[in-house]
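Chemist: For reference, the file target-v5.txt (compact mmCIF, C-alpha atoms) is included below:
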# COMPACT_ATOMS: atom_id res chain seq x y z
CA MET I 29 0.00 0.00 0.00
CA LEU I 30 1.32 3.43 -0.89
CA PHE I 31 0.95 6.49 1.26
CA ASN I 32 1.79 10.12 0.73
CA MET I 33 3.44 12.39 3.23
CA VAL I 34 2.20 15.96 2.80
CA LYS I 35 3.58 19.24 4.09
CA PRO I 36 1.97 20.54 7.29
CA ALA I 37 -1.24 22.50 6.92
CA ARG I 38 -0.84 26.09 8.14
CA ALA I 39 -3.71 28.49 7.55
CA VAL I 40 -5.87 26.20 5.41
CA MET I 41 -6.43 22.44 5.36
CA ASN I 42 -7.26 20.84 2.03
CA SER I 43 -10.98 20.08 1.73
CA VAL I 44 -11.90 16.44 1.25
CA PHE I 45 -15.19 16.11 -0.65
CA PHE I 46 -16.90 12.75 -0.49
CA ALA I 47 -20.22 12.52 1.34
CA LEU I 48 -18.51 14.99 3.67
CA VAL I 49 -15.72 17.54 3.39
CA VAL I 50 -13.28 18.95 5.87
CA ALA I 51 -14.26 22.60 6.19
CA ALA I 52 -11.73 25.28 5.36
CA LEU I 53 -9.95 26.72 8.34
CA ALA I 54 -9.57 30.48 8.21
CA GLY I 55 -7.44 32.76 10.33
CA CYS I 56 -5.82 30.09 12.49
CA SER I 57 -2.35 30.78 13.91
CA PHE I 58 -0.67 27.61 15.12
CA LYS I 59 1.95 27.38 17.83
CA PRO I 60 5.36 26.69 16.25
CA GLU I 61 5.86 23.46 18.20
CA GLN I 62 2.50 21.98 17.15
CA GLN I 63 1.42 21.68 13.53
CA ILE I 64 -1.10 19.72 11.51
CA TRP I 65 0.50 17.02 9.39
CA GLU I 66 -1.34 14.96 6.80
CA ILE I 67 -1.01 11.29 5.87
CA SER I 68 -3.00 9.76 3.01
CA GLY I 69 -3.24 6.62 0.92
CA PRO I 70 -5.57 4.09 -0.71
CA ILE I 71 -7.78 1.64 1.21
CA PHE I 72 -11.17 -0.09 0.85
CA GLY I 73 -11.51 1.07 -2.77
CA THR I 74 -11.25 4.70 -1.67
CA ARG I 75 -8.62 6.80 0.13
CA TYR I 76 -7.83 7.74 3.69
CA HIS I 77 -6.86 11.26 4.74
CA ILE I 78 -5.51 11.67 8.26
CA SER I 79 -4.47 14.86 10.03
CA VAL I 80 -2.35 14.65 13.18
CA VAL I 81 -1.31 17.41 15.55
CA MET I 82 2.34 17.06 16.49
CA GLU I 83 5.72 18.70 16.36
CA ASP I 84 7.97 18.60 13.29
CA ASP I 85 9.40 15.07 13.61
CA GLN I 86 9.72 13.26 10.28
CA VAL I 87 10.89 9.99 11.81
CA ARG I 88 7.91 9.94 14.13
CA LEU I 89 5.61 10.82 11.25
CA GLN I 90 6.93 7.91 9.19
CA GLN I 91 6.36 5.57 12.13
CA LEU I 92 2.77 6.76 12.48
CA ALA I 93 2.18 6.28 8.76
CA GLY I 94 3.39 2.69 9.03
CA GLY I 95 1.16 2.02 12.04
CA ILE I 96 -1.87 3.49 10.27
CA GLU I 97 -1.21 1.30 7.23
CA GLN I 98 -0.90 -1.78 9.44
CA ALA I 99 -4.16 -1.01 11.26
CA LEU I 100 -6.09 -0.56 8.00
CA ASP I 101 -4.56 -3.66 6.43
CA GLY I 102 -5.78 -5.64 9.43
CA VAL I 103 -9.35 -4.44 8.93
CA ASP I 104 -9.19 -5.20 5.20
CA ALA I 105 -7.83 -8.69 5.85
CA ALA I 106 -10.66 -9.42 8.28
CA MET I 107 -13.70 -7.85 6.62
CA SER I 108 -13.25 -7.38 2.88
CA THR I 109 -15.61 -9.16 0.47
CA TRP I 110 -13.29 -8.17 -2.38
CA ARG I 111 -10.47 -10.37 -1.06
CA GLU I 112 -10.96 -14.13 -1.32
CA ASP I 113 -8.45 -14.67 1.49
CA SER I 114 -10.13 -12.37 4.03
CA GLU I 115 -11.59 -13.84 7.20
CA LEU I 116 -15.07 -12.78 6.14
CA SER I 117 -14.74 -14.25 2.63
CA ARG I 118 -13.57 -17.57 4.06
CA PHE I 119 -16.64 -17.69 6.28
CA ASN I 120 -18.94 -16.71 3.39
CA ALA I 121 -17.50 -19.58 1.33
CA LEU I 122 -18.50 -22.21 3.89
CA PRO I 123 -21.33 -24.34 2.46
CA ASP I 124 -22.50 -25.22 5.98
CA GLN I 125 -22.37 -22.55 8.70
CA SER I 126 -24.50 -24.35 11.28
CA ASP I 127 -21.50 -25.20 13.47
CA TRP I 128 -19.66 -22.53 15.42
CA THR I 129 -16.92 -20.75 13.46
CA ALA I 130 -14.27 -18.91 15.45
CA LEU I 131 -14.06 -15.16 14.90
CA SER I 132 -11.26 -12.70 15.45
CA ALA I 133 -12.00 -10.02 18.03
CA PRO I 134 -12.36 -7.23 15.41
CA LEU I 135 -14.77 -9.19 13.22
CA TYR I 136 -16.83 -10.24 16.24
CA THR I 137 -17.00 -6.61 17.41
CA VAL I 138 -18.31 -5.42 14.06
CA LEU I 139 -20.86 -8.23 13.74
CA LEU I 140 -22.12 -7.60 17.27
CA GLU I 141 -22.61 -3.89 16.51
CA ALA I 142 -24.28 -4.78 13.20
CA GLU I 143 -26.80 -6.95 15.05
CA ALA I 144 -27.49 -4.16 17.53
CA VAL I 145 -28.20 -1.65 14.76
CA SER I 146 -30.31 -4.22 12.91
CA ALA I 147 -32.47 -4.62 16.01
CA LEU I 148 -32.68 -0.86 16.56
CA THR I 149 -33.75 -0.15 12.96
CA ASP I 150 -36.09 -3.14 12.74
CA GLY I 151 -33.99 -4.75 10.03
CA ALA I 152 -33.39 -1.65 7.88
CA PHE I 153 -29.69 -2.34 8.45
CA ASP I 154 -28.84 -5.95 7.61
CA VAL I 155 -25.41 -7.38 6.77
CA THR I 156 -26.95 -10.58 5.32
CA ILE I 157 -28.08 -8.57 2.28
CA GLY I 158 -24.78 -9.40 0.54
CA PRO I 159 -26.23 -11.80 -2.09
CA VAL I 160 -28.78 -9.18 -3.09
CA VAL I 161 -26.07 -6.51 -3.31
CA ASN I 162 -24.17 -8.79 -5.66
CA LEU I 163 -27.31 -9.51 -7.66
CA TRP I 164 -27.76 -5.80 -8.34
CA GLY I 165 -24.09 -5.43 -9.29
CA PHE I 166 -22.86 -3.37 -6.35
CA GLY I 167 -20.56 -6.03 -4.89
CA PRO I 168 -17.36 -7.74 -6.08
CA ASP I 169 -19.24 -9.46 -8.93
CA SER I 170 -19.45 -7.73 -12.29
CA ARG I 171 -22.40 -5.46 -13.04
CA PRO I 172 -25.31 -7.41 -14.59
CA ASP I 173 -26.50 -6.70 -18.12
CA LYS I 174 -30.08 -6.45 -16.85
CA VAL I 175 -31.90 -5.74 -13.59
CA PRO I 176 -32.90 -8.78 -11.51
CA ASP I 177 -36.23 -10.37 -12.33
CA GLU I 178 -38.78 -10.69 -9.54
CA ALA I 179 -38.51 -14.48 -9.22
CA THR I 180 -34.72 -14.48 -8.85
CA LEU I 181 -34.83 -11.56 -6.44
CA ALA I 182 -37.47 -13.25 -4.27
CA ARG I 183 -35.52 -16.53 -4.20
CA ILE I 184 -32.26 -14.91 -3.08
CA LEU I 185 -33.92 -12.47 -0.69
CA ASN I 186 -35.70 -15.34 1.03
CA ARG I 187 -32.34 -16.74 2.16
CA THR I 188 -31.30 -13.53 3.93
CA GLY I 189 -32.20 -12.12 7.34
CA HIS I 190 -30.10 -10.91 10.27
CA GLU I 191 -32.19 -13.04 12.62
CA LYS I 192 -30.53 -16.10 11.09
CA ILE I 193 -27.20 -15.09 12.64
CA GLU I 194 -26.18 -16.26 16.11
CA LEU I 195 -23.12 -14.84 17.85
CA ARG I 196 -21.15 -16.23 20.80
CA ASP I 197 -18.90 -14.06 22.93
CA GLN I 198 -16.70 -16.64 24.69
CA PRO I 199 -14.85 -17.63 22.66
CA PRO I 200 -15.97 -15.28 19.87
CA GLY I 201 -17.87 -17.25 17.24
CA ILE I 202 -20.72 -17.27 14.75
CA ARG I 203 -23.17 -19.76 13.33
CA THR I 204 -26.21 -19.39 11.10
CA SER I 205 -29.44 -21.28 10.68
CA GLU I 206 -28.96 -21.02 6.91
CA ALA I 207 -25.70 -20.33 5.07
CA GLN I 208 -25.22 -16.59 4.61
CA TYR I 209 -23.04 -14.25 2.56
CA LEU I 210 -22.30 -11.33 4.85
CA ASP I 211 -21.48 -7.87 3.50
CA LEU I 212 -19.95 -5.40 5.97
CA SER I 213 -19.38 -2.56 3.52
CA ALA I 214 -21.80 -0.28 5.43
CA ILE I 215 -20.01 -0.67 8.76
CA ALA I 216 -16.43 -1.92 8.24
CA LYS I 217 -15.19 1.40 6.87
CA GLY I 218 -16.40 3.10 10.05
CA PHE I 219 -14.63 0.46 12.12
CA GLY I 220 -11.47 1.16 10.11
CA VAL I 221 -11.74 4.82 11.06
CA ASP I 222 -12.11 3.80 14.72
CA GLU I 223 -9.09 1.52 14.53
CA VAL I 224 -6.88 4.33 13.26
CA ALA I 225 -8.27 6.70 15.90
CA ARG I 226 -7.50 4.16 18.63
CA TYR I 227 -3.99 3.69 17.30
CA LEU I 228 -3.28 7.43 17.23
CA ALA I 229 -4.67 7.92 20.74
CA ALA I 230 -2.54 5.03 22.02
CA GLU I 231 0.48 6.69 20.41
CA GLY I 232 -0.18 9.82 22.42
CA ILE I 233 -1.31 12.06 19.55
CA SER I 234 -2.98 15.06 21.16
CA GLY I 235 -5.27 15.89 18.23
CA TYR I 236 -6.28 14.05 15.08
CA LEU I 237 -8.82 13.82 12.30
CA VAL I 238 -9.28 10.49 10.53
CA GLU I 239 -11.32 10.37 7.30
CA ILE I 240 -11.95 7.37 5.04
CA GLY I 241 -14.29 7.86 2.13
CA GLY I 242 -16.32 10.48 4.00
CA GLU I 243 -16.50 8.71 7.38
CA VAL I 244 -14.71 10.74 10.06
CA SER I 245 -13.43 10.50 13.61
CA VAL I 246 -11.78 13.33 15.51
CA GLY I 247 -9.98 13.54 18.82
CA GLY I 248 -8.66 16.46 20.79
CA ARG I 249 -8.31 19.89 19.21
CA LYS I 250 -6.41 21.76 16.56
CA PRO I 251 -3.17 23.40 17.71
CA ASP I 252 -4.92 26.69 18.50
CA GLY I 253 -7.40 24.91 20.77
CA SER I 254 -10.40 25.18 18.46
CA ALA I 255 -12.65 22.28 17.46
CA TRP I 256 -12.35 20.31 14.25
CA ARG I 257 -14.90 21.67 11.79
CA LEU I 258 -16.50 19.55 9.10
CA ALA I 259 -18.80 20.44 6.26
CA ILE I 260 -21.77 18.35 5.16
CA GLU I 261 -22.11 18.25 1.39
CA THR I 262 -25.25 19.17 -0.50
CA PRO I 263 -26.27 16.08 -2.54
CA GLY I 264 -25.77 16.26 -6.28
CA ASP I 265 -23.57 15.23 -9.15
CA ALA I 266 -22.30 18.72 -9.92
CA ALA I 267 -19.59 20.72 -8.15
CA GLU I 268 -19.53 20.11 -4.40
CA GLN I 269 -21.40 22.61 -2.25
CA VAL I 270 -21.37 22.97 1.51
CA ASN I 271 -24.78 22.48 3.11
CA ARG I 272 -23.88 22.83 6.79
CA ILE I 273 -20.73 23.13 8.92
CA VAL I 274 -20.46 21.28 12.21
CA ALA I 275 -17.88 21.20 14.99
CA LEU I 276 -17.44 17.78 16.53
CA GLY I 277 -16.14 19.31 19.74
CA GLY I 278 -19.42 21.12 20.26
CA VAL I 279 -20.69 24.54 19.23
CA VAL I 280 -17.82 26.92 18.65
CA ASP I 281 -17.72 30.42 20.17
CA GLY I 282 -14.95 32.27 18.36
CA ASP I 283 -11.96 29.93 18.38
CA SER I 284 -12.89 28.01 21.51
CA ALA I 285 -15.40 25.19 21.77
CA VAL I 286 -18.08 25.71 24.39
CA ASP I 287 -18.14 22.07 25.47
CA SER I 288 -14.53 20.99 25.95
CA THR I 289 -15.59 17.63 27.41
CA ARG I 290 -16.49 16.29 23.97
CA ASN I 291 -12.99 15.08 23.27
CA HIS I 292 -13.86 12.40 20.73
CA ARG I 293 -16.65 12.14 18.20
CA ALA I 294 -17.30 10.39 14.90
CA LEU I 295 -19.46 11.30 11.94
CA ALA I 296 -20.74 9.33 8.95
CA THR I 297 -22.88 10.25 5.98
CA SER I 298 -24.97 7.97 3.78
CA GLY I 299 -26.63 9.07 0.55
CA ASP I 300 -28.19 7.67 -2.60
CA TYR I 301 -26.53 10.07 -5.03
CA ARG I 302 -22.91 8.88 -5.30
CA ASN I 303 -23.01 5.18 -6.06
CA TYR I 304 -25.65 4.24 -8.60
CA TYR I 305 -26.11 3.19 -12.21
CA GLU I 306 -28.72 3.72 -14.89
CA PHE I 307 -30.39 1.04 -16.99
CA ASN I 308 -32.98 1.79 -19.67
CA GLY I 309 -33.36 5.30 -18.30
CA GLN I 310 -34.00 4.11 -14.72
CA ARG I 311 -31.62 5.09 -11.91
CA TYR I 312 -30.72 2.40 -9.36
CA SER I 313 -29.15 3.40 -6.04
CA HIS I 314 -26.62 1.18 -4.28
CA THR I 315 -28.64 1.50 -1.05
CA LEU I 316 -30.96 -1.52 -0.93
CA ASP I 317 -33.95 -2.09 1.30
CA PRO I 318 -33.45 -5.49 3.03
CA GLN I 319 -37.24 -5.94 3.16
CA THR I 320 -37.81 -5.64 -0.59
CA GLY I 321 -34.33 -6.35 -1.93
CA LYS I 322 -34.68 -3.31 -4.19
CA PRO I 323 -32.92 0.08 -4.31
CA ILE I 324 -34.57 2.75 -2.21
CA THR I 325 -36.83 5.18 -4.08
CA HIS I 326 -37.99 7.65 -1.39
CA ASN I 327 -37.08 11.32 -1.15
CA LEU I 328 -34.38 11.09 1.52
CA ALA I 329 -31.14 12.08 -0.24
CA SER I 330 -28.61 12.14 2.58
CA VAL I 331 -28.27 11.30 6.27
CA THR I 332 -25.44 12.36 8.57
CA VAL I 333 -25.08 10.78 12.02
CA ILE I 334 -22.77 11.74 14.89
CA ALA I 335 -21.83 9.08 17.43
CA GLU I 336 -19.09 8.20 19.88
CA ASN I 337 -17.58 5.77 17.38
CA CYS I 338 -17.60 5.74 13.60
CA MET I 339 -18.65 2.12 13.32
CA ARG I 340 -22.03 2.93 14.86
CA ALA I 341 -22.39 6.21 12.97
CA ASP I 342 -21.69 4.40 9.70
CA ALA I 343 -24.28 1.68 10.31
CA LEU I 344 -26.93 4.07 11.61
CA ALA I 345 -26.53 6.40 8.63
CA THR I 346 -27.19 3.48 6.29
CA GLY I 347 -30.11 2.18 8.33
CA PHE I 348 -31.70 5.63 8.47
CA THR I 349 -31.27 6.05 4.71
CA VAL I 350 -33.16 2.81 4.13
CA MET I 351 -35.93 3.76 6.57
CA GLY I 352 -36.71 7.09 4.91
CA PHE I 353 -37.02 10.51 6.52
CA GLU I 354 -40.18 10.25 8.62
CA ASP I 355 -39.40 6.91 10.27
CA ALA I 356 -35.70 7.63 10.70
CA MET I 357 -36.31 11.07 12.18
CA ALA I 358 -38.79 9.65 14.69
CA LEU I 359 -36.38 6.91 15.74
CA ALA I 360 -33.42 9.29 16.03
CA VAL I 361 -35.42 11.69 18.20
CA ARG I 362 -36.62 8.85 20.48
CA GLN I 363 -33.06 7.55 20.86
CA ASN I 364 -31.52 11.04 21.24
CA ILE I 365 -29.25 10.42 18.24
CA PRO I 366 -27.61 13.44 16.55
CA ALA I 367 -28.82 13.10 12.95
CA TYR I 368 -29.07 15.50 10.00
CA PHE I 369 -31.37 14.80 7.06
CA ILE I 370 -31.35 16.30 3.57
CA VAL I 371 -34.67 15.62 1.82
CA ARG I 372 -35.71 16.25 -1.77
CA GLY I 373 -38.65 18.64 -1.65
CA GLU I 374 -40.89 20.08 -4.33
CA THR I 375 -38.74 23.18 -4.70
CA GLY I 376 -35.32 21.79 -3.81
CA PHE I 377 -33.49 20.26 -0.89
CA GLU I 378 -34.91 20.61 2.60
CA THR I 379 -32.86 20.09 5.75
CA HIS I 380 -33.99 18.70 9.10
CA TYR I 381 -32.08 17.67 12.19
CA THR I 382 -32.74 16.19 15.61
CA PRO I 383 -32.44 18.25 18.82
CA ALA I 384 -29.30 16.26 19.70
CA PHE I 385 -27.64 17.43 16.47
CA SER I 386 -28.21 21.14 17.07
CA SER I 387 -25.34 21.57 19.52
CA PHE I 388 -22.83 20.60 16.84
CA ILE I 389 -23.93 23.16 14.22
CA THR I 390 -21.69 26.19 13.69
CA GLN I 391 -23.37 27.63 10.58
Spit out the file's structure as structure tokens when you get a sec.
Modeler:
Amino acid sequence: MLFNMVKPARAVMNSVFFALVVAALAGCSFKPEQQIWEISGPIFGTRYHISVVMEDDQVRLQQLAGGIEQALDGVDAAMSTWREDSELSRFNALPDQSDWTALSAPLYTVLLEAEAVSALTDGAFDVTIGPVVNLWGFGPDSRPDKVPDEATLARILNRTGHEKIELRDQPPGIRTSEAQYLDLSAIAKGFGVDEVARYLAAEGISGYLVEIGGEVSVGGRKPDGSAWRLAIETPGDAAEQVNRIVALGGVVDGDSAVDSTRNHRALATSGDYRNYYEFNGQRYSHTLDPQTGKPITHNLASVTVIAENCMRADALATGFTVMGFEDAMALAVRQNIPAYFIVRGETGFETHYTPAFSSFITQ
């Protein structure tokens, strides 16, 4: 895996536009001994962009880059469906999964969280949907030359269901009542972000921002003591536009965050406008409803969720996208989840957010 070492960011950090962008920083003056350094490289079919707050120490920076690469390689080796040798792919290839199969601690952690989010969203988030994802051409298999017919879709969908998974904690293991093909693409990337964040914190990094394909985790502060600011993108295929800026350390008053206790937060965005294809004039989103096996068609364009870890934010954002605005908003309010919704209205995009999200908004 290749990575790029970039010069330290001074007055302005480069914006990263995916489902989310890192907002431009204006008028910051950093202490000479602490600077923002950037590390980037490819992973999970996208790229990671990591900012760390530290002194000018190139040897230390190279060591951190190697540790980040190792952490991400470990996640890829455990959870990728694009690698035949991954732990997950080996499990998916088992013709009989009725006996207990041992799981590594990371894979067990992700599957346990996936089950929790599946229960919370009443099945709107479901990692057993993998065969249907492949059927529609959004997985490792090649894109089909036609959309699935109803009979084939019903047959494959009938085999899925998160309730068919059973997990064991000691020792970590899994078995299923019917052989499954699990797809962790809507949660593993968030876990990868968390793994890098944990590594940096363990290495004593005082402030960091970890971003992989639009999923973000931040810790600490920028060198001037202000919060990390992130911009939520307005959905669309044209030039990126900022819809809302948030500070994951809490609402910012000048250059200081009001709530300094919020030392670590994660954010993930899910939308139906980036990954899709068109067939015979019909647009098909990569976000599939586990109940119908078909791409979502409602008016919810984008969901952003803030949580204490990116794994949960990633899964919740996907589950909320499947549920649609009304149901997802109601659930997020009941559960006090910070969530931000961008909905297609009759005259353009409309934005809505939960009370728990309001404290993170800067503009």
Chemist: Compile the contact shell of I:Thr149 as a compact mmCIF listing (two decimals) with C-alpha atoms, keeping the file's coordinate frame: residues with an atom at most 8 Å away, counting all atoms listed in the file, same-chain residues fewer than 6 positions apart removed.
Modeler:
# COMPACT_ATOMS: atom_id res chain seq x y z
CA GLY I 347 -30.11 2.18 8.33
CA PHE I 348 -31.70 5.63 8.47
CA MET I 351 -35.93 3.76 6.57
Chemist: Name the residues in contact with stretch 317-321 of chain I at a cut-off of 9 Å, using only C-alpha atoms, excluding same-chain residues fewer than 2 positions from it; report them as a list in words.
Modeler: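 Result of the neighbour search: Gly151, Ala152, Phe153, Asp154, Thr156, Ile157, Val160, Val161, Leu181, Ala182, Ile184, Leu185, Thr188, Gly189, Thr315, Pro323, Ile324, Val350 and Met351 of chain I.
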Chemist: Please give the centre and size of the box around stretch 318-323 of chain I (axis-aligned, containing every atom listed in the file, 6 Å added per side), with values in Å to one decimal and written as lines of an AutoDock Vina configuration file.
Modeler:
center_x = -35.4
center_y = -3.1
center_z = -0.6
size_x = 16.9
size_y = 18.4
size_z = 19.5
Chemist: Up to 12 Å from (-13.9, -2.5, 17.5) in the file's coordinates: name the residues, counting all atoms listed in the file, as a PyMOL selection string.
Modeler: chain I and resi 99+102-103+106+132-142+215-227+337-340
Chemist: Next, the residues of the selection above should be written as a PDB file, in the frame of the given file with C-alpha atoms.
Modeler:
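Generated output (result.pdb):
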ATOM      1  CA  ALA I  99      -4.160  -1.010  11.260  1.00  0.00           C
ATOM      2  CA  GLY I 102      -5.780  -5.640   9.430  1.00  0.00           C
ATOM      3  CA  VAL I 103      -9.350  -4.440   8.930  1.00  0.00           C
ATOM      4  CA  ALA I 106     -10.660  -9.420   8.280  1.00  0.00           C
ATOM      5  CA  SER I 132     -11.260 -12.700  15.450  1.00  0.00           C
ATOM      6  CA  ALA I 133     -12.000 -10.020  18.030  1.00  0.00           C
ATOM      7  CA  PRO I 134     -12.360  -7.230  15.410  1.00  0.00           C
ATOM      8  CA  LEU I 135     -14.770  -9.190  13.220  1.00  0.00           C
ATOM      9  CA  TYR I 136     -16.830 -10.240  16.240  1.00  0.00           C
ATOM     10  CA  THR I 137     -17.000  -6.610  17.410  1.00  0.00           C
ATOM     11  CA  VAL I 138     -18.310  -5.420  14.060  1.00  0.00           C
ATOM     12  CA  LEU I 139     -20.860  -8.230  13.740  1.00  0.00           C
ATOM     13  CA  LEU I 140     -22.120  -7.600  17.270  1.00  0.00           C
ATOM     14  CA  GLU I 141     -22.610  -3.890  16.510  1.00  0.00           C
ATOM     15  CA  ALA I 142     -24.280  -4.780  13.200  1.00  0.00           C
ATOM     16  CA  ILE I 215     -20.010  -0.670   8.760  1.00  0.00           C
ATOM     17  CA  ALA I 216     -16.430  -1.920   8.240  1.00  0.00           C
ATOM     18  CA  LYS I 217     -15.190   1.400   6.870  1.00  0.00           C
ATOM     19  CA  GLY I 218     -16.400   3.100  10.050  1.00  0.00           C
ATOM     20  CA  PHE I 219     -14.630   0.460  12.120  1.00  0.00           C
ATOM     21  CA  GLY I 220     -11.470   1.160  10.110  1.00  0.00           C
ATOM     22  CA  VAL I 221     -11.740   4.820  11.060  1.00  0.00           C
ATOM     23  CA  ASP I 222     -12.110   3.800  14.720  1.00  0.00           C
ATOM     24  CA  GLU I 223      -9.090   1.520  14.530  1.00  0.00           C
ATOM     25  CA  VAL I 224      -6.880   4.330  13.260  1.00  0.00           C
ATOM     26  CA  ALA I 225      -8.270   6.700  15.900  1.00  0.00           C
ATOM     27  CA  ARG I 226      -7.500   4.160  18.630  1.00  0.00           C
ATOM     28  CA  TYR I 227      -3.990   3.690  17.300  1.00  0.00           C
ATOM     29  CA  ASN I 337     -17.580   5.770  17.380  1.00  0.00           C
ATOM     30  CA  CYS I 338     -17.600   5.740  13.600  1.00  0.00           C
ATOM     31  CA  MET I 339     -18.650   2.120  13.320  1.00  0.00           C
ATOM     32  CA  ARG I 340     -22.030   2.930  14.860  1.00  0.00           C
TER      33      ARG I 340
END
Chemist: Name the closest residue to I:Glu239 among the candidates I:Ile389, I:Ile370, I:Val175, I:Ala294; distances are taken between atoms, counting only C-alpha atoms.
Modeler: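 The shortest atom-to-atom distance to I:Glu239 comes from I:Ala294.
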Chemist: Return the single residue from I:Lys250, I:Ser117, I:Thr297, I:Gly352 that is closest to I:Ala367, with distances computed using only C-alpha atoms.
Modeler: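 Selected residue with least distance to I:Ala367: I:Thr297.
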Chemist: Counting all atoms listed in the file, figure out which residue out of I:Val361, I:Trp256, I:Glu354, I:Ala207 gets nearest to I:Tyr236.
Modeler: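 Checking each of I:Val361, I:Trp256, I:Glu354, I:Ala207 against I:Tyr236, counting all atoms listed in the file, the winner is I:Trp256.
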Chemist: Could you check which of I:Gly235, I:Trp128, I:Thr180, I:Arg196 is closest to I:Ile64, using all atoms listed in the file?
Modeler: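 Using all atoms listed in the file, the shortest distance to I:Ile64 belongs to I:Gly235.
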Chemist: Can you pull out the residues contacting I:Ala214? Cut-off 7 Å, using all atoms listed in the file, and skip same-chain residues under 3 positions away; I want them as a PyMOL selection string.
Modeler: chain I and resi 217+342-343+346
Chemist: Given the choices I:Ala296, I:Glu115, I:Gly247, I:Ala130, which gets closest to I:Leu212 if the distance is worked out from only C-alpha atoms?
Modeler: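 With only C-alpha atoms as the atom set, the closest residue is I:Glu115.
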